[in-house]
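See below for the structure under consideration.
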Amino acid sequence: MCEYCGCQSLAAIDELTREHDEVVRLISHLRTAHRSGDTAALAAVARDVAAVLGPHTEVEEHGLFPALAGDFPEQIGALEAEHRQVEAVLAEAADGATPADPTWPDRLMDATAVLRDHILKEQDGVFPAALANLGTEEWEAVDAARAKAGGVLSRRTV
């Protein structure tokens, strides 16, 4: 994804970007499972996506977004709404469930389309804006949010 502004030189943004990359990789598996009509595989990959997005969203919403909300309230509000939209569909496959709703696979694919666009907004807008606007205290808050949320990528081989 984005490498033009230098924001990935910051560990906090690099980790968020690596999580985005992992989500995009997982979305390709969703497409394969959707084409084959394998709802159980869709649900399993949806749980993998949710596992990556859980701590990722925590870092954004408790570290990065509050620091930017004063200058970009509408944009941050829209991004948070997209988080809720995607989370709601992913949650239907939580706890090992395979959703019985026949519309779920298509709704999941719609949610992943929102997610891909969302990732582009963050990488091309939010991350460069953070680089330009956040000071030391705000970056420390982002780092504290990461320390609290953890992350799945640091616990496994990518």
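Just so we're on the same page: first chain in the structure tokens is A, next is B, and so on; residues restart at 1 for each chain, and ligands are numbered from 1 in the order they show up.
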Counting only C-alpha atoms, what is within 12 Å of A:Thr103, bar same-chain residues fewer than 5 positions away, as a compact mmCIF listing (two decimals) with C-alpha atoms, in the first residue's frame?
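Dumped everything to result02.txt:
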# COMPACT_ATOMS: atom_id res chain seq x y z
CA HIS A 34 -17.42 -17.24 -1.62
CA GLY A 37 -20.09 -21.44 -1.86
CA THR A 39 -19.97 -20.87 4.06
CA VAL A 89 -21.16 -8.73 9.85
CA GLU A 92 -22.16 -13.23 12.99
CA LEU A 108 -19.88 -10.42 4.18
CA MET A 109 -18.55 -9.71 0.72
CA ASP A 110 -20.25 -6.29 0.76
Contacts of A:Gly54 at 12 Å (only C-alpha atoms; same-chain gap of 3+ positions) as a PyMOL selection string: chain A and resi 16+19+23+46-51+57-61+83-84+86-87+90-91+146+148-153
Which residue is closest to A:Gly70? Choose from A:Ala33, A:Leu134, A:Leu120, A:Val142 and count only C-alpha atoms.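 Nearest to A:Gly70: A:Leu134.
For the choices A:Val24, A:Leu115, A:Ala11, A:Ala147, the atom-to-atom distance to A:Gln85 is smallest for A:Leu115 when using only C-alpha atoms.
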Nearest to A:Pro99: which of A:Ile76, A:His62, A:Ala43, A:Phe127 is it, counting only C-alpha atoms? A:Ala43
Within 9 Å of A:Thr98 using only C-alpha atoms, minus same-chain residues under 2 positions, as a list in words: Thr39, Ala40, Ala41, Leu42, Ala43, Ala44, Glu92, Ala93, Ala94, Gly96 and Ala100 of chain A
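For the atom pair formed by atom CA of A:Asp101 and atom CA of A:Ile27, the distance is 20.2 Å, given to one decimal.
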Closest of A:Ala12, A:Gln123, A:Gly77, A:Leu53 to A:Trp139, counting only C-alpha atoms, is A:Ala12
Taking only C-alpha atoms into account, name the residue in A:Glu137, A:Glu15, A:Ala129, A:Asp38 that is nearest to A:Pro102.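 Of A:Glu137, A:Glu15, A:Ala129, A:Asp38, the one nearest A:Pro102, counting only C-alpha atoms, is A:Asp38.
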Suppose you want the space between atom CA of A:Ala141 and atom CA of A:Pro55; what is it in Å?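 Straight-line distance from atom CA of A:Ala141 to atom CA of A:Pro55 works out to 14.6 Å.
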Between A:Pro66, A:Leu131, A:His20, A:Leu10, single out the one closest to A:Asp117, counting only C-alpha atoms.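 That would be A:His20, the residue with the smallest distance to A:Asp117.
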